[in-house]
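The structure file upload_6.txt is reproduced below (compact mmCIF, C-alpha atoms).
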```txt
# COMPACT_ATOMS: atom_id res chain seq x y z
CA MET F 1 0.00 0.00 0.00
CA THR F 2 1.23 3.49 -0.83
CA SER F 3 2.23 5.50 2.18
CA PHE F 4 0.08 8.45 3.19
CA TYR F 5 0.01 11.34 5.60
CA VAL F 6 -2.51 13.31 7.57
CA LEU F 7 -2.23 16.96 8.53
CA GLY F 8 -3.80 18.44 11.64
CA SER F 9 -6.66 16.96 13.57
CA ALA F 10 -8.59 15.49 10.64
CA ALA F 11 -9.69 12.14 11.98
CA GLY F 12 -11.58 9.17 10.60
CA LEU F 13 -8.80 7.66 8.51
CA SER F 14 -8.02 3.98 8.91
CA VAL F 15 -5.64 1.66 7.11
CA SER F 16 -5.00 -2.04 7.01
CA VAL F 17 -1.24 -1.75 7.42
CA SER F 18 0.91 -1.17 10.44
CA VAL F 19 1.81 2.48 10.66
CA ARG F 20 4.33 4.61 12.47
CA MET F 21 2.98 7.85 13.89
CA TYR F 22 4.82 10.97 14.98
CA SER F 23 4.20 14.69 15.01
CA VAL F 24 5.87 17.65 13.37
CA GLY F 25 4.57 20.73 15.14
CA MET F 26 0.87 21.08 14.32
CA PHE F 27 1.05 18.22 11.81
CA ILE F 28 0.46 14.54 12.41
CA ILE F 29 2.22 12.24 9.96
CA MET F 30 1.40 8.59 9.53
CA ASN F 31 3.27 6.35 7.13
CA SER F 32 4.02 2.79 6.19
CA ASN F 33 7.33 1.59 4.82
CA ALA F 34 5.88 0.84 1.39
CA ASN F 35 7.04 3.98 -0.35
CA ALA F 36 9.92 5.60 1.45
CA THR F 37 10.67 8.12 -1.31
CA ALA F 38 7.12 9.47 -1.48
CA THR F 39 6.92 9.58 2.29
CA ALA F 40 10.20 11.46 2.60
CA THR F 41 9.02 14.01 0.02
CA ALA F 42 5.72 14.53 1.84
CA GLN F 43 7.50 14.86 5.19
CA SER F 44 9.96 17.37 3.78
CA LYS F 45 7.11 19.47 2.39
CA LEU F 46 5.24 19.42 5.70
CA VAL F 47 8.30 20.36 7.69
CA ALA F 48 8.96 23.31 5.38
CA ILE F 49 5.35 24.54 5.62
CA HIS F 50 5.37 24.17 9.39
CA ALA F 51 8.64 26.08 9.75
CA GLU F 52 7.35 28.92 7.57
CA TRP F 53 4.09 29.06 9.53
CA GLN F 54 5.98 29.44 12.81
CA GLU F 55 7.73 32.50 11.38
CA VAL F 56 4.49 33.92 9.98
CA LYS F 57 2.95 33.78 13.46
CA LYS F 58 5.73 36.04 14.73
CA THR F 59 5.33 38.69 12.06
CA ASP F 60 4.18 42.23 12.66
CA ASP F 61 3.09 42.49 9.02
CA GLU F 62 -0.48 41.45 8.21
CA LYS F 63 0.38 41.10 4.51
CA VAL F 64 2.85 38.32 5.31
CA ALA F 65 0.06 36.36 7.00
CA GLN F 66 -2.35 37.16 4.15
CA ASP F 67 0.08 35.93 1.49
CA PHE F 68 0.86 32.72 3.37
CA LEU F 69 -2.81 31.85 3.94
CA GLU F 70 -3.67 32.54 0.31
CA LYS F 71 -1.29 29.72 -0.60
CA HIS F 72 -2.33 27.48 2.30
CA PRO F 73 -6.13 27.74 2.73
CA ALA F 74 -6.04 24.43 4.62
CA LEU F 75 -5.50 26.56 7.75
CA LEU F 76 -8.62 28.70 7.36
CA PRO F 77 -11.77 27.64 9.28
CA GLY F 78 -15.33 27.48 8.02
CA ALA F 79 -15.15 25.53 4.75
CA TRP F 80 -17.01 22.47 5.98
CA GLY F 81 -19.62 23.82 8.35
CA ASP F 82 -17.34 23.55 11.36
CA ILE F 83 -18.78 26.90 12.34
CA GLY F 84 -22.31 28.22 11.91
CA PRO F 85 -25.36 26.22 10.78
CA GLY F 86 -23.36 23.66 8.81
CA GLY F 87 -21.87 23.18 5.37
CA HIS F 88 -21.04 19.53 4.89
CA HIS F 89 -21.24 19.87 1.08
CA GLY F 90 -17.97 21.78 1.17
CA PRO F 91 -17.16 25.24 -0.16
CA LEU F 92 -18.60 26.46 -3.44
CA TYR F 93 -16.13 26.20 -6.34
CA SER F 94 -13.71 24.40 -3.97
CA THR F 95 -12.14 27.80 -3.45
CA ILE F 96 -11.29 30.42 -0.88
CA PHE F 97 -11.93 33.96 -2.08
CA ARG F 98 -9.12 36.40 -1.31
CA GLN F 99 -10.18 39.97 -0.44
CA PRO F 100 -13.61 39.59 -2.05
CA PRO F 101 -15.49 42.89 -2.49
CA LEU F 102 -18.94 43.12 -0.91
CA ARG F 103 -20.35 45.91 -3.02
CA GLY F 104 -23.63 47.49 -2.02
CA LEU F 105 -25.54 50.55 -3.14
CA ASP F 106 -23.59 52.90 -0.88
CA ALA F 107 -20.47 51.05 0.26
CA LYS F 108 -17.85 48.43 -0.59
CA LEU F 109 -16.44 46.22 2.14
CA ILE F 110 -13.53 43.83 1.64
CA PRO F 111 -13.00 40.85 3.97
CA ASP F 112 -9.56 39.27 3.91
CA PHE F 113 -10.99 35.87 2.95
CA MET F 114 -14.34 34.23 2.32
CA TRP F 115 -15.54 30.67 2.00
CA ILE F 116 -19.02 29.98 0.65
CA ALA F 117 -20.01 26.89 2.63
CA ARG F 118 -23.07 24.87 1.64
CA SER F 119 -25.53 22.40 3.11
CA THR F 120 -28.83 21.05 1.84
CA VAL F 121 -30.73 24.06 3.18
CA ASN F 122 -28.12 26.81 3.71
CA VAL F 123 -25.52 28.79 1.87
CA SER F 124 -23.13 30.33 4.39
CA PRO F 125 -20.69 33.02 3.31
CA VAL F 126 -17.88 32.80 5.89
CA CYS F 127 -16.18 36.19 5.97
CA ILE F 128 -12.75 36.13 7.63
CA GLU F 129 -10.83 39.07 9.06
CA ILE F 130 -7.18 38.46 9.89
CA GLU F 131 -5.11 40.87 11.96
CA ARG F 132 -1.43 40.91 12.80
CA PRO F 133 -0.45 37.98 15.04
CA THR F 134 1.35 40.44 17.33
CA LYS F 135 -1.78 42.38 18.26
CA LYS F 136 -2.91 42.05 21.87
CA TRP F 137 -6.35 41.02 23.11
CA PHE F 138 -6.35 42.87 26.42
CA THR F 139 -4.76 45.90 28.03
CA GLY F 140 -2.85 45.55 31.27
CA ALA F 141 -6.07 46.52 33.07
CA GLY F 142 -7.96 43.66 31.38
CA GLN F 143 -9.97 45.72 28.89
CA PRO F 144 -10.22 44.86 25.17
CA THR F 145 -7.51 46.75 23.31
CA ALA F 146 -8.34 49.46 20.77
CA ASP F 147 -6.98 47.16 18.03
CA LEU F 148 -9.39 44.41 19.06
CA THR F 149 -12.33 46.82 19.18
CA GLN F 150 -11.48 48.03 15.68
CA ALA F 151 -11.22 44.46 14.37
CA ARG F 152 -14.58 43.53 15.89
CA ASP F 153 -16.10 46.56 14.21
CA GLN F 154 -15.13 45.09 10.83
CA LEU F 155 -17.30 42.07 11.60
CA LEU F 156 -20.19 44.33 12.64
CA ARG F 157 -19.96 46.20 9.34
CA TRP F 158 -20.17 42.95 7.39
CA GLN F 159 -23.17 41.85 9.45
CA ALA F 160 -24.92 45.12 8.69
CA TRP F 161 -24.14 44.67 4.98
CA PHE F 162 -25.68 41.19 4.86
CA ALA F 163 -28.72 42.34 6.85
CA ASP F 164 -29.76 44.49 3.87
CA THR F 165 -31.98 42.46 1.50
CA MET F 166 -30.67 44.39 -1.53
CA ASN F 167 -27.12 43.40 -0.63
CA GLN F 168 -28.20 39.79 -0.26
CA GLU F 169 -29.49 39.85 -3.83
CA ILE F 170 -26.24 41.41 -5.02
CA PHE F 171 -24.30 38.66 -3.25
CA ARG F 172 -26.44 35.93 -4.81
CA GLU F 173 -25.91 37.31 -8.31
CA VAL F 174 -22.19 38.07 -7.99
CA TYR F 175 -21.00 35.05 -6.02
CA LEU F 176 -23.67 32.38 -6.46
CA LYS F 177 -24.34 33.32 -10.09
CA GLY F 178 -28.06 32.88 -9.49
CA ARG F 179 -27.72 29.33 -8.12
CA PHE F 180 -29.23 27.93 -4.89
CA ARG F 181 -32.22 30.27 -4.83
CA ASP F 182 -34.07 27.86 -2.54
CA ARG F 183 -31.38 27.92 0.17
CA LEU F 184 -31.20 30.31 3.10
CA LEU F 185 -28.34 32.78 3.22
CA THR F 186 -26.73 32.39 6.65
CA PRO F 187 -23.50 34.44 6.79
CA GLN F 188 -20.86 33.80 9.44
CA PHE F 189 -18.08 36.11 10.60
CA VAL F 190 -14.61 35.01 11.68
CA LEU F 191 -11.85 36.98 13.39
CA VAL F 192 -8.29 35.59 13.46
CA TYR F 193 -6.36 37.69 15.92
CA GLY F 194 -3.32 37.50 18.19
CA ARG F 195 -1.66 34.56 19.89
CA GLU F 196 -2.61 32.05 22.57
CA SER F 197 0.15 33.47 24.74
CA ASP F 198 -2.19 36.41 25.44
CA PHE F 199 -4.24 33.97 27.50
CA THR F 200 -1.45 32.12 29.28
CA GLU F 201 1.21 34.71 30.18
CA ASN F 202 1.15 36.59 33.48
CA HIS F 203 -1.67 39.10 33.63
CA LYS F 204 -4.09 40.80 36.00
CA LEU F 205 -6.79 38.41 34.72
CA THR F 206 -6.40 34.64 35.10
CA THR F 207 -6.23 32.44 32.02
CA LYS F 208 -9.77 31.25 32.73
CA GLU F 209 -11.05 34.81 33.07
CA ARG F 210 -9.44 35.86 29.79
CA HIS F 211 -10.88 32.87 27.90
CA SER F 212 -14.30 33.55 29.39
CA LYS F 213 -14.10 37.20 28.41
CA ARG F 214 -13.17 36.28 24.83
CA HIS F 215 -16.09 33.87 24.69
CA HIS F 216 -18.55 36.51 25.84
CA LEU F 217 -17.20 39.11 23.44
CA GLN F 218 -18.43 36.96 20.56
CA GLN F 219 -21.82 37.98 19.26
CA LYS F 220 -24.30 35.86 17.28
CA ASP F 221 -22.68 34.32 14.17
CA GLU F 222 -19.22 35.53 15.23
CA HIS F 223 -16.28 33.17 15.75
CA TYR F 224 -12.92 34.18 17.23
CA PHE F 225 -9.61 32.38 16.71
CA THR F 226 -5.98 33.05 17.54
CA PHE F 227 -3.32 32.22 14.98
CA ASP F 228 -2.26 29.32 17.21
CA SER F 229 -5.75 27.82 17.21
CA LEU F 230 -5.92 27.41 13.42
CA ASP F 231 -5.85 23.72 12.49
CA TRP F 232 -4.70 22.26 9.19
CA ASP F 233 -7.48 20.46 7.30
CA LYS F 234 -6.13 17.96 4.78
CA ARG F 235 -9.36 18.15 2.76
CA GLN F 236 -8.50 21.75 1.86
CA GLU F 237 -4.92 21.23 0.69
CA ALA F 238 -5.71 21.35 -3.02
CA PHE F 239 -8.42 24.01 -2.87
CA LEU F 240 -8.07 27.02 -5.13
CA THR F 241 -7.59 30.66 -4.15
CA THR F 242 -9.70 33.05 -6.22
CA SER F 243 -10.05 36.79 -6.68
CA ALA F 244 -13.43 38.39 -7.38
CA HIS F 245 -13.29 41.59 -9.43
CA ASP F 246 -15.65 44.54 -9.16
CA ASN F 247 -17.25 43.58 -12.48
CA GLY F 248 -18.30 40.21 -11.07
CA GLN F 249 -15.69 38.16 -12.89
CA PHE F 250 -13.63 35.57 -11.03
CA GLU F 251 -9.92 34.90 -11.49
CA VAL F 252 -8.10 31.92 -9.97
CA SER F 253 -4.96 33.37 -8.40
CA TRP F 254 -3.40 30.26 -6.81
CA ILE F 255 -3.60 26.58 -7.62
CA ASN F 256 -1.85 23.83 -5.68
CA GLU F 257 0.46 21.42 -7.49
CA ASP F 258 -1.61 18.53 -6.07
CA PHE F 259 -4.85 19.74 -7.68
CA GLU F 260 -6.74 16.89 -9.37
CA TYR F 261 -10.11 18.23 -10.49
CA LEU F 262 -12.70 20.72 -9.27
CA GLY F 263 -15.70 18.39 -9.20
CA ASP F 264 -17.99 21.29 -10.13
CA ALA F 265 -18.25 21.82 -13.87
CA THR F 266 -20.46 24.89 -13.52
CA GLY F 267 -17.92 26.30 -11.09
CA ALA F 268 -15.07 25.76 -13.56
CA HIS F 269 -17.15 27.60 -16.17
CA HIS F 270 -17.53 30.62 -13.85
CA LEU F 271 -13.95 30.59 -12.54
CA GLY F 272 -12.51 30.94 -16.02
CA ASP F 273 -8.87 30.74 -17.03
CA ILE F 274 -6.21 29.28 -14.72
CA ASP F 275 -3.01 30.12 -16.63
CA ALA F 276 -2.02 32.96 -14.27
CA ALA F 277 -2.51 30.73 -11.24
CA LEU F 278 -0.40 27.96 -12.79
CA ALA F 279 2.36 30.43 -13.59
CA ALA F 280 2.28 31.82 -10.04
CA ASN F 281 3.18 28.48 -8.44
CA PRO F 282 6.86 27.64 -8.97
CA SER F 283 6.26 24.04 -7.84
CA ILE F 284 4.15 23.32 -10.93
CA THR F 285 6.29 22.02 -13.79
CA THR F 286 5.37 22.57 -17.43
CA ALA F 287 4.25 18.96 -17.75
CA ARG F 288 2.14 19.18 -14.58
CA ALA F 289 0.59 22.44 -15.78
CA ASP F 290 -0.44 20.76 -19.02
CA GLU F 291 -2.08 17.92 -17.06
CA ILE F 292 -4.06 20.37 -14.92
CA ARG F 293 -5.11 22.41 -17.98
CA SER F 294 -6.42 19.27 -19.67
CA VAL F 295 -8.59 18.35 -16.69
CA TRP F 296 -9.75 21.95 -16.28
CA ALA F 297 -10.71 22.25 -19.96
CA LYS F 298 -12.84 19.12 -19.66
CA GLU F 299 -14.74 20.56 -16.69
CA GLN F 300 -15.12 23.93 -18.39
CA GLU F 301 -16.56 22.31 -21.49
CA GLU F 302 -19.13 20.48 -19.40
CA GLY F 303 -19.85 23.67 -17.46
CA ALA F 304 -20.58 25.54 -20.68
CA ARG F 305 -23.01 22.79 -21.68
CA LEU F 306 -24.83 23.08 -18.36
CA ALA F 307 -24.91 26.88 -18.57
CA ALA F 308 -26.60 26.48 -21.97
CA GLY F 309 -29.34 24.40 -20.34
CA LYS F 310 -28.20 20.99 -21.51
CA THR F 311 -28.34 17.89 -19.33
CA HIS F 312 -25.37 16.80 -17.25
CA LYS F 313 -23.11 14.02 -18.45
CA GLU F 314 -20.59 12.18 -16.30
CA LEU F 315 -16.97 13.04 -16.91
CA ASN F 316 -14.36 10.33 -17.15
CA TRP F 317 -11.20 11.16 -15.21
```

For this file, produce the structure as structure tokens.
Amino acid sequence: MTSFYVLGSAAGLSVSVSVRMYSVGMFIIMNSNANATATATAQSKLVAIHAEWQEVKKTDDEKVAQDFLEKHPALLPGAWGDIGPGGHHGPLYSTIFRQPPLRGLDAKLIPDFMWIARSTVNVSPVCIEIERPTKKWFTGAGQPTADLTQARDQLLRWQAWFADTMNQEIFREVYLKGRFRDRLLTPQFVLVYGRESDFTENHKLTTKERHSKRHHLQQKDEHYFTFDSLDWDKRQEAFLTTSAHDNGQFEVSWINEDFEYLGDATGAHHLGDIDAALAANPSITTARADEIRSVWAKEQEEGARLAAGKTHKELNW
């Protein structure tokens, strides 16, 4: 059996071979001895990602964190209904949107990231605000810092935007492309802010008091994380990163070298060309890029058929 690995806390995997298990930082790696070369390559990749992430968490530059997470959306919460009313169908287009504009009649707001999670009855835009990892949660007196108050206000502005029925219609047209009209729109709002050390180091408030205060700061449909509490989800490793332009067009900006296929032909039709994303990833060889283009073209062709009102046909991979 080919060796395999698991990142983070994703459970539910079982194998019929004896495995060796050890951890590399936030990652859990399991392997057999069947394919030592592949295992070594996977381990090397994980170690490099982990080491870079440790440095990102020390940065005082929000853009560094933004750029890293755009290339590693496996760290961002909310894709699978782990927060909010649920979204076990996975994110729409298998993509994380980077800095997606929420354009209304009198304002334009820009979250740092957004998943569009789905279930049978809901569509949940998960808007994510990230702040610098070095920002503090509490003052020495135990009050929320001005930085935290400002970050929370971003979430409130997004909530107010989605509360407007006209904006909801704009969102459905721009991001859902008119699909899922029968599903409720249930937006969720995520703040990624600071470090866990803010809750464990010496302070006027006890660790328990600080955690309790953070919990009670959260309002309905809000979800707070520190950079240390972000878990790697293996299911999201090959997800795309996509930009949404003001004119409503999408552009894939990052594609992982392990991408296989989107699994959403209509989505491929709306996402458009991927050449820029392939060129942006130095780990994608010319031959690998050609393989991905071939698969993508097949899904786009089927997506165009569906957009023209024709019946779906199964694609052979």

For Asp275 in chain F: contacts at 12 Å, all atoms listed in the file, fewer than 4 positions along chain excluded, given as a list of chain:residue names: F:Glu251, F:Val252, F:Ser253, F:Trp254, F:Ile255, F:Leu271, F:Ala279, F:Ala280, F:Asn281, F:Ile284, F:Thr286, F:Ala289, F:Asp290, F:Ile292, F:Arg293, F:Ser294, F:Trp296, F:Ala297

Counting all atoms listed in the file, the residue of F:Gln188, F:Ala42, F:Ile274, F:Pro85 that sits nearest Gln159 in chain F: F:Gln188

Close residues, Gln99 in chain F itself excluded, 10 Å, all atoms listed in the file, min 6 positions apart in chain, as a ChimeraX atom specification: /F:66,70,109-114,127-129,242-245

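Near Gln143 in chain F, within a cut-off of 12 Å and counting all atoms listed in the file, sit the residues Lys136, Trp137, Thr149, His203, Lys204, Leu205, Glu209, Arg210, Lys213, Arg214 and Leu217 of chain F, with same-chain residues fewer than 6 positions away left out.
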
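Proximity ranking of F:Phe138, F:Pro101, F:Val56, F:Tyr93 relative to Phe171 in chain F places F:Pro101 first, based on all atoms listed in the file.
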